[in-house]
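**Student:** Sharing protein.pdb, PDB, C-alpha atoms:
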ATOM      1  CA  MET A   1     -25.100  -1.605  -8.681
ATOM      2  CA  GLU A   2     -23.839  -5.111  -8.581
ATOM      3  CA  LEU A   3     -20.559  -5.675  -6.845
ATOM      4  CA  SER A   4     -19.225  -8.837  -8.371
ATOM      5  CA  ALA A   5     -15.802  -9.720  -9.684
ATOM      6  CA  GLN A   6     -17.256  -9.983 -13.168
ATOM      7  CA  TYR A   7     -18.841  -6.544 -12.992
ATOM      8  CA  LEU A   8     -15.584  -4.985 -11.835
ATOM      9  CA  ARG A   9     -13.607  -6.833 -14.469
ATOM     10  CA  GLU A  10     -15.820  -5.529 -17.253
ATOM     11  CA  LYS A  11     -15.791  -1.995 -15.972
ATOM     12  CA  LEU A  12     -12.019  -1.909 -15.609
ATOM     13  CA  GLN A  13     -11.576  -3.432 -19.032
ATOM     14  CA  ARG A  14     -13.816  -0.838 -20.616
ATOM     15  CA  ASP A  15     -12.698   2.303 -18.828
ATOM     16  CA  LEU A  16      -8.989   1.582 -18.843
ATOM     17  CA  GLU A  17      -8.962   0.007 -22.299
ATOM     18  CA  ALA A  18      -7.221  -2.857 -20.600
ATOM     19  CA  TYR A  19      -5.267  -5.498 -22.398
ATOM     20  CA  HIS A  20      -5.870  -7.913 -19.574
ATOM     21  CA  VAL A  21      -7.819  -7.791 -16.341
ATOM     22  CA  GLU A  22      -8.119 -10.237 -13.495
ATOM     23  CA  VAL A  23     -10.385  -9.671 -10.543
ATOM     24  CA  GLU A  24     -10.404 -11.929  -7.538
ATOM     25  CA  ASP A  25     -13.023 -11.659  -4.862
ATOM     26  CA  THR A  26     -10.991 -11.937  -1.664
ATOM     27  CA  THR A  27     -13.950 -11.318   0.617
ATOM     28  CA  PRO A  28     -13.765 -14.797   2.224
ATOM     29  CA  ASN A  29     -10.249 -13.969   3.488
ATOM     30  CA  ARG A  30     -11.055 -10.527   4.816
ATOM     31  CA  CYS A  31     -13.602  -8.968   7.092
ATOM     32  CA  ALA A  32     -15.781  -7.453   4.363
ATOM     33  CA  SER A  33     -16.203  -7.002   0.625
ATOM     34  CA  SER A  34     -12.677  -7.092  -0.784
ATOM     35  CA  PHE A  35     -11.067  -7.572  -4.153
ATOM     36  CA  ARG A  36      -7.677  -8.132  -5.657
ATOM     37  CA  VAL A  37      -7.280  -6.772  -9.186
ATOM     38  CA  LEU A  38      -4.653  -7.070 -11.858
ATOM     39  CA  VAL A  39      -4.944  -4.552 -14.674
ATOM     40  CA  VAL A  40      -2.709  -4.484 -17.724
ATOM     41  CA  SER A  41      -3.169  -1.329 -19.742
ATOM     42  CA  ALA A  42      -1.168   0.896 -22.019
ATOM     43  CA  LYS A  43      -2.698   3.816 -20.143
ATOM     44  CA  PHE A  44      -0.225   3.079 -17.365
ATOM     45  CA  GLU A  45       2.771   3.820 -19.557
ATOM     46  CA  GLY A  46       5.060   6.436 -18.091
ATOM     47  CA  LYS A  47       2.978   6.740 -14.946
ATOM     48  CA  PRO A  48       4.323   6.080 -11.456
ATOM     49  CA  LEU A  49       2.540   3.542  -9.278
ATOM     50  CA  LEU A  50       0.503   6.054  -7.360
ATOM     51  CA  GLN A  51      -0.923   7.586 -10.519
ATOM     52  CA  ARG A  52      -1.772   4.158 -11.892
ATOM     53  CA  HIS A  53      -3.603   3.210  -8.748
ATOM     54  CA  ARG A  54      -5.463   6.507  -8.796
ATOM     55  CA  LEU A  55      -6.648   5.734 -12.322
ATOM     56  CA  VAL A  56      -8.073   2.472 -11.091
ATOM     57  CA  ASN A  57      -9.630   4.204  -8.088
ATOM     58  CA  ALA A  58     -11.215   6.772 -10.402
ATOM     59  CA  CYS A  59     -12.625   4.022 -12.586
ATOM     60  CA  LEU A  60     -14.200   2.370  -9.549
ATOM     61  CA  ALA A  61     -15.180   5.611  -7.820
ATOM     62  CA  GLU A  62     -18.801   4.555  -7.580
ATOM     63  CA  GLU A  63     -18.027   1.130  -6.174
ATOM     64  CA  LEU A  64     -15.223   1.990  -3.775
ATOM     65  CA  PRO A  65     -17.426   3.311  -0.967
ATOM     66  CA  HIS A  66     -18.876  -0.215  -0.841
ATOM     67  CA  ILE A  67     -15.563  -2.015  -1.009
ATOM     68  CA  HIS A  68     -13.656  -2.558   2.191
ATOM     69  CA  ALA A  69     -10.283  -3.431   0.693
ATOM     70  CA  LEU A  70      -8.790  -3.262  -2.770
ATOM     71  CA  GLU A  71      -5.434  -4.777  -3.669
ATOM     72  CA  GLN A  72      -4.064  -3.577  -6.979
ATOM     73  CA  LYS A  73      -1.420  -4.688  -9.386
ATOM     74  CA  THR A  74      -1.051  -2.343 -12.345
ATOM     75  CA  LEU A  75       1.194  -3.224 -15.254
ATOM     76  CA  THR A  76       1.885  -1.952 -18.736
ATOM     77  CA  PRO A  77       1.579  -4.546 -21.527
ATOM     78  CA  GLU A  78       5.372  -4.688 -21.659
ATOM     79  CA  GLN A  79       5.684  -5.363 -17.946
ATOM     80  CA  TRP A  80       2.995  -8.024 -18.210
ATOM     81  CA  ALA A  81       4.802  -9.781 -21.056
ATOM     82  CA  HIS A  82       8.010  -9.675 -19.031
ATOM     83  CA  GLU A  83       6.283 -11.118 -15.999
ATOM     84  CA  GLN A  84       4.804 -13.964 -17.982
ATOM     85  CA  GLN A  85       8.231 -14.987 -19.122
ATOM     86  CA  LYS A  86       9.448 -15.580 -15.593
TER      87      LYS A  86
ATOM     88  CA  MET B   1      15.753 -13.407  -5.599
ATOM     89  CA  SER B   2      12.310 -12.681  -6.926
ATOM     90  CA  GLY B   3      11.135 -16.054  -5.665
ATOM     91  CA  SER B   4      12.060 -15.357  -2.083
ATOM     92  CA  LEU B   5      10.618 -11.865  -2.258
ATOM     93  CA  GLY B   6       7.384 -13.342  -3.520
ATOM     94  CA  ARG B   7       7.214 -15.625  -0.519
ATOM     95  CA  ALA B   8       8.108 -12.740   1.747
ATOM     96  CA  ALA B   9       5.255 -10.743   0.302
ATOM     97  CA  THR B  10       2.790 -13.510   1.026
ATOM     98  CA  ALA B  11       4.083 -13.835   4.549
ATOM     99  CA  LEU B  12       3.794 -10.106   5.096
ATOM    100  CA  LEU B  13       0.167 -10.077   4.093
ATOM    101  CA  ARG B  14      -0.783 -13.017   6.209
ATOM    102  CA  TRP B  15      -2.894 -11.715   9.030
ATOM    103  CA  GLY B  16      -1.041 -11.744  12.280
ATOM    104  CA  ARG B  17      -2.696 -10.241  15.280
ATOM    105  CA  GLY B  18      -0.264  -9.216  17.927
ATOM    106  CA  VAL B  19       2.465 -10.671  15.795
ATOM    107  CA  ALA B  20       4.916  -7.906  16.531
ATOM    108  CA  SER B  21       7.977  -9.361  18.132
ATOM    109  CA  GLY B  22       9.523  -7.862  21.208
ATOM    110  CA  GLY B  23      11.351  -4.625  20.695
ATOM    111  CA  LEU B  24       9.448  -3.788  17.526
ATOM    112  CA  ARG B  25       8.419  -0.471  18.932
ATOM    113  CA  GLY B  26      11.758   1.215  19.007
ATOM    114  CA  PRO B  27      12.260   4.428  20.919
ATOM    115  CA  GLY B  28      11.497   6.418  17.771
ATOM    116  CA  VAL B  29       8.065   5.054  16.863
ATOM    117  CA  ARG B  30       5.449   7.549  17.874
ATOM    118  CA  ALA B  31       1.961   6.099  18.062
ATOM    119  CA  ALA B  32       0.341   9.482  18.342
ATOM    120  CA  GLY B  33      -3.053   7.931  19.024
ATOM    121  CA  SER B  34      -6.193   9.932  19.414
ATOM    122  CA  GLY B  35      -4.537  13.117  20.568
ATOM    123  CA  ALA B  36      -4.886  14.171  16.945
ATOM    124  CA  GLY B  37      -8.121  15.987  17.827
ATOM    125  CA  GLY B  38      -9.979  16.737  14.662
ATOM    126  CA  ALA B  39      -8.705  16.181  11.170
ATOM    127  CA  SER B  40      -8.723  19.371   9.144
ATOM    128  CA  ALA B  41      -6.553  19.553   6.056
ATOM    129  CA  GLU B  42      -4.229  21.965   7.857
ATOM    130  CA  ARG B  43      -3.832  19.622  10.783
ATOM    131  CA  LEU B  44      -3.158  16.616   8.545
ATOM    132  CA  ASP B  45      -0.748  18.630   6.490
ATOM    133  CA  ALA B  46       1.163  19.415   9.673
ATOM    134  CA  LEU B  47       1.077  15.779  10.814
ATOM    135  CA  VAL B  48       2.452  14.332   7.599
ATOM    136  CA  LYS B  49       5.213  16.930   7.461
ATOM    137  CA  LYS B  50       6.251  16.681  11.078
ATOM    138  CA  ASP B  51       8.193  13.459  10.530
ATOM    139  CA  LYS B  52      10.076  12.009   7.592
ATOM    140  CA  VAL B  53       8.118   8.776   7.703
ATOM    141  CA  VAL B  54       4.444   8.922   8.666
ATOM    142  CA  VAL B  55       1.965   6.073   8.480
ATOM    143  CA  PHE B  56      -1.742   5.875   9.202
ATOM    144  CA  LEU B  57      -2.668   2.393  10.364
ATOM    145  CA  LYS B  58      -5.496   0.337  11.687
ATOM    146  CA  GLY B  59      -4.002  -0.480  15.016
ATOM    147  CA  THR B  60      -0.489   0.231  16.207
ATOM    148  CA  PRO B  61       2.942  -1.021  15.177
ATOM    149  CA  GLU B  62       2.874  -3.333  18.192
ATOM    150  CA  GLN B  63      -0.636  -4.572  17.484
ATOM    151  CA  PRO B  64      -1.770  -4.030  13.917
ATOM    152  CA  GLN B  65      -5.486  -4.733  13.541
ATOM    153  CA  CYS B  66      -5.421  -5.451   9.851
ATOM    154  CA  GLY B  67      -3.265  -7.529   7.521
ATOM    155  CA  PHE B  68      -2.497  -4.610   5.223
ATOM    156  CA  SER B  69      -1.487  -2.325   8.077
ATOM    157  CA  ASN B  70       0.634  -5.149   9.438
ATOM    158  CA  ALA B  71       2.384  -5.481   6.076
ATOM    159  CA  VAL B  72       3.382  -1.797   6.201
ATOM    160  CA  VAL B  73       4.764  -2.216   9.714
ATOM    161  CA  GLN B  74       6.730  -5.317   8.731
ATOM    162  CA  ILE B  75       8.199  -3.706   5.620
ATOM    163  CA  LEU B  76       9.413  -0.712   7.608
ATOM    164  CA  ARG B  77      10.882  -3.097  10.146
ATOM    165  CA  LEU B  78      12.695  -5.069   7.433
ATOM    166  CA  HIS B  79      14.354  -1.866   6.290
ATOM    167  CA  GLY B  80      15.322  -1.014   9.846
ATOM    168  CA  VAL B  81      13.194   2.144   9.882
ATOM    169  CA  ARG B  82      12.718   2.659  13.579
ATOM    170  CA  ASP B  83      11.957   6.325  13.765
ATOM    171  CA  TYR B  84       8.526   7.002  12.372
ATOM    172  CA  ALA B  85       5.144   8.383  13.364
ATOM    173  CA  ALA B  86       2.244   5.949  13.392
ATOM    174  CA  TYR B  87      -1.341   7.135  13.790
ATOM    175  CA  ASN B  88      -4.062   4.669  14.700
ATOM    176  CA  VAL B  89      -7.203   5.596  12.787
ATOM    177  CA  LEU B  90      -9.268   3.145  14.805
ATOM    178  CA  ASP B  91      -8.867   5.473  17.765
ATOM    179  CA  ASP B  92     -10.218   8.470  15.902
ATOM    180  CA  PRO B  93     -13.052   8.259  13.338
ATOM    181  CA  GLN B  94     -12.494  11.870  12.306
ATOM    182  CA  LEU B  95      -8.874  11.142  11.555
ATOM    183  CA  ARG B  96      -9.866   8.001   9.689
ATOM    184  CA  GLN B  97     -12.086   9.947   7.306
ATOM    185  CA  GLY B  98      -9.939  13.079   7.318
ATOM    186  CA  VAL B  99      -6.815  11.342   6.090
ATOM    187  CA  LYS B 100      -8.771   9.730   3.237
ATOM    188  CA  ASP B 101     -10.099  13.154   2.189
ATOM    189  CA  TYR B 102      -6.662  14.716   2.528
ATOM    190  CA  SER B 103      -4.931  12.222   0.260
ATOM    191  CA  ASN B 104      -7.967  11.492  -1.892
ATOM    192  CA  TRP B 105      -7.257   7.841  -1.260
ATOM    193  CA  PRO B 106      -9.996   5.488  -0.118
ATOM    194  CA  THR B 107      -8.219   3.107   2.215
ATOM    195  CA  ILE B 108      -5.960   2.648   5.219
ATOM    196  CA  PRO B 109      -2.993   2.096   5.604
ATOM    197  CA  GLN B 110      -1.460   5.230   4.117
ATOM    198  CA  VAL B 111       2.230   5.936   3.892
ATOM    199  CA  TYR B 112       3.771   9.398   3.669
ATOM    200  CA  LEU B 113       7.456  10.007   2.990
ATOM    201  CA  ASN B 114       8.807  13.501   3.459
ATOM    202  CA  GLY B 115       5.298  14.895   3.688
ATOM    203  CA  GLU B 116       4.217  13.318   0.432
ATOM    204  CA  PHE B 117       1.618  10.599   0.040
ATOM    205  CA  VAL B 118       3.294   7.517  -1.368
ATOM    206  CA  GLY B 119       0.446   5.029  -1.365
ATOM    207  CA  GLY B 120      -0.942   2.116   0.542
ATOM    208  CA  CYS B 121       0.309  -1.335   1.348
ATOM    209  CA  ASP B 122       0.368  -2.545  -2.297
ATOM    210  CA  ILE B 123       2.543   0.306  -3.445
ATOM    211  CA  LEU B 124       4.883   0.043  -0.470
ATOM    212  CA  LEU B 125       5.244  -3.660  -1.093
ATOM    213  CA  GLN B 126       6.063  -3.138  -4.760
ATOM    214  CA  MET B 127       8.548  -0.419  -3.871
ATOM    215  CA  HIS B 128      10.113  -2.825  -1.398
ATOM    216  CA  GLN B 129      10.348  -5.553  -4.024
ATOM    217  CA  ASN B 130      11.776  -3.406  -6.817
ATOM    218  CA  GLY B 131      14.300  -1.503  -4.743
ATOM    219  CA  ASP B 132      12.529   1.869  -4.934
ATOM    220  CA  LEU B 133      11.947   1.977  -1.202
ATOM    221  CA  VAL B 134      15.656   1.740  -0.459
ATOM    222  CA  GLU B 135      16.185   4.692  -2.807
ATOM    223  CA  GLU B 136      13.387   6.785  -1.341
ATOM    224  CA  LEU B 137      14.660   6.172   2.178
ATOM    225  CA  LYS B 138      18.154   7.153   1.065
ATOM    226  CA  LYS B 139      16.775  10.482  -0.170
ATOM    227  CA  LEU B 140      15.467  11.059   3.335
ATOM    228  CA  GLY B 141      18.837  10.297   4.823
ATOM    229  CA  ILE B 142      17.694   6.908   6.076
ATOM    230  CA  ARG B 143      19.922   3.967   5.303
ATOM    231  CA  SER B 144      17.918   0.828   4.761
ATOM    232  CA  ALA B 145      19.023  -2.161   6.842
ATOM    233  CA  LEU B 146      18.684  -4.277   3.720
ATOM    234  CA  LEU B 147      21.689  -2.524   2.212
ATOM    235  CA  ASP B 148      23.837  -3.802   5.025
ATOM    236  CA  GLU B 149      22.534  -7.324   4.558
ATOM    237  CA  THR B 150      23.271  -7.344   0.834
ATOM    238  CA  GLU B 151      26.708  -5.931   1.278
ATOM    239  CA  GLY B 152      27.481  -8.566   3.872
ATOM    240  CA  GLN B 153      26.578 -11.282   1.378
ATOM    241  CA  ASP B 154      28.563  -9.742  -1.445
ATOM    242  CA  SER B 155      31.767  -9.633   0.542
ATOM    243  CA  LYS B 156      31.817 -13.366   1.260
TER     244      LYS B 156
END
What does this structure look like when you write it as structure tokens?
**Tutor:**
Amino acid sequence: MELSAQYLREKLQRDLEAYHVEVEDTTPNRCASSFRVLVVSAKFEGKPLLQRHRLVNACLAEELPHIHALEQKTLTPEQWAHEQQK
Amino acid sequence: MSGSLGRAATALLRWGRGVASGGLRGPGVRAAGSGAGGASAERLDALVKKDKVVVFLKGTPEQPQCGFSNAVVQILRLHGVRDYAAYNVLDDPQLRQGVKDYSNWPTIPQVYLNGEFVGGCDILLQMHQNGDLVEELKKLGIRSALLDETEGQDSK
């Protein structure tokens, strides 16, 4: 199992049918393997933050034991469009 | 407003060891430390329900040992939440694993409001930025200090 930003990006994209995914390897700034992810998916519609984050956690269930820290930003396509307009 | 909140967020996440300013640990903050003794689901259930605001941190509110735990401490401080229970998982490996099993959440810090798991640092930060945290605190009978600030500005 390869733990690279690319690998995570592809997995998140696939499993969450994501409209847009960004994965940043923040390991250099932290004490161990860490990532910051942005996932835009219609699957987040109508779900509170905690549920959204749990979906991401479930997607990365296999990888999480090897990840020290995971920062998440989870948006619906509508929220993403709104954000891009700012 | 979103611009300044964005900068605040970055500042909150910047690692700051021993950054807590004097008086941060108000009389109400309970760093319950390693007296937790074991971490069964029943025990954790009791811990998270014992106080309205409960956080599990790496380190203590006075000396957070991790940027994310520090962010949680700083957010609570911004809202003037002085009375909360803080448990240092670095003191107790059983607690560290136990709380993750209890909430089915892989990381520390963890924030519980009114006995319910709310999320980690990311979620707390987003709740802080979008006003949800003020609302959730209000439901617990806690008036956020930020409300007083805003009102002060509006009356000018």
**Student:** Give the answer as one residue: which of A:Phe35, A:Cys59, A:Arg30, A:Thr74 has the shortest atom-to-atom distance to Lys11 (chain A), using all atoms listed in the file?
**Tutor:**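 Among the listed residues, the smallest separation from Lys11 (chain A) belongs to A:Cys59.
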**Student:** In Å, how far is it from CA of Val111 (chain B) to CA of Val55 (chain B)?
**Tutor:**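 CA of Val55 (chain B) lies at a distance of 4.6 Å from CA of Val111 (chain B).
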**Student:** Contacts from chain B to chain A, 8 Å maximum, all atoms listed in the file: show me the residue list as a ChimeraX atom specification.
**Tutor:** /B:105-107,118-119,122-123
**Student:** Quick one: of A:Ala58, A:Val23, A:Ala18, A:Ala81, who's nearest to Ser4 (chain A), counting all atoms listed in the file?
**Tutor:**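 For Ser4 (chain A), the nearest of the candidates is A:Val23.
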**Student:** Using only C-alpha atoms, which of B:Glu136, B:Glu149, B:Glu62, B:Asp101 sits nearest Asp45 (chain B)?
**Tutor:** B:Asp101
**Student:** Might you pull out every residue within 12 Å of Arg14 (chain A), with all atoms listed in the file counted and same-chain residues fewer than 4 positions away left off, and present them as a ChimeraX atom specification?
**Tutor:** /A:7-10,18-21,39,41,56,59-60
**Student:** Please write out, as JSON, where the centre of an axis-aligned box around all listed atoms of region 35-52 of chain A lies and how long its edges are, in Å to one decimal, after adding 4 Å on each side.
**Tutor:**
{"center_x": -3.0, "center_y": -0.3, "center_z": -13.1, "size_x": 24.1, "size_y": 23.7, "size_z": 25.9}
**Student:** Calculated over all atoms listed in the file, which of the candidates B:Ala85, B:Leu124, B:Leu90, B:Ser144 has the smallest distance to Lys49 (chain B)?
**Tutor:**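 That would be B:Ala85, the residue with the smallest distance to Lys49 (chain B).
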**Student:** What's the separation between CA of Leu146 (chain B) and CA of His79 (chain B), in Å to one decimal place?
**Tutor:**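 Computing it gives 5.6 Å between the two atoms.
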**Student:** Suppose you want the space between CA of Gly80 (chain B) and CA of Leu95 (chain B); what is it in Å?
**Tutor:**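 Straight-line distance from CA of Gly80 (chain B) to CA of Leu95 (chain B) works out to 27.1 Å.
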**Student:** Taking the file as I've supplied it (selection: the PyMOL selection byres ((chain B and resi 59) around 8)), which residues are included? Please answer as a VMD selection string.
**Tutor:** chain B and resid 57 to 58 60 to 61 63 to 66 69 88 to 90
**Student:** Pick out the residues sitting within 10 Å of Glu45 (chain A), and hand them over as a list in words; count all atoms listed in the file, and ignore anything fewer than 2 positions along from it in its own chain.
**Tutor:**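 My reading of the contact set: Ser41, Ala42, Lys43, Lys47, Pro48, Arg52, Leu75, Thr76, Pro77, Glu78 and Gln79 of chain A.
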**Student:** Compile the contact shell of Ile142 (chain B) as a ChimeraX atom specification: residues with an atom at most 12 Å away, counting all atoms listed in the file, same-chain residues fewer than 2 positions apart removed.
**Tutor:** /B:52-53,76,79-84,113-114,133-140,144-147
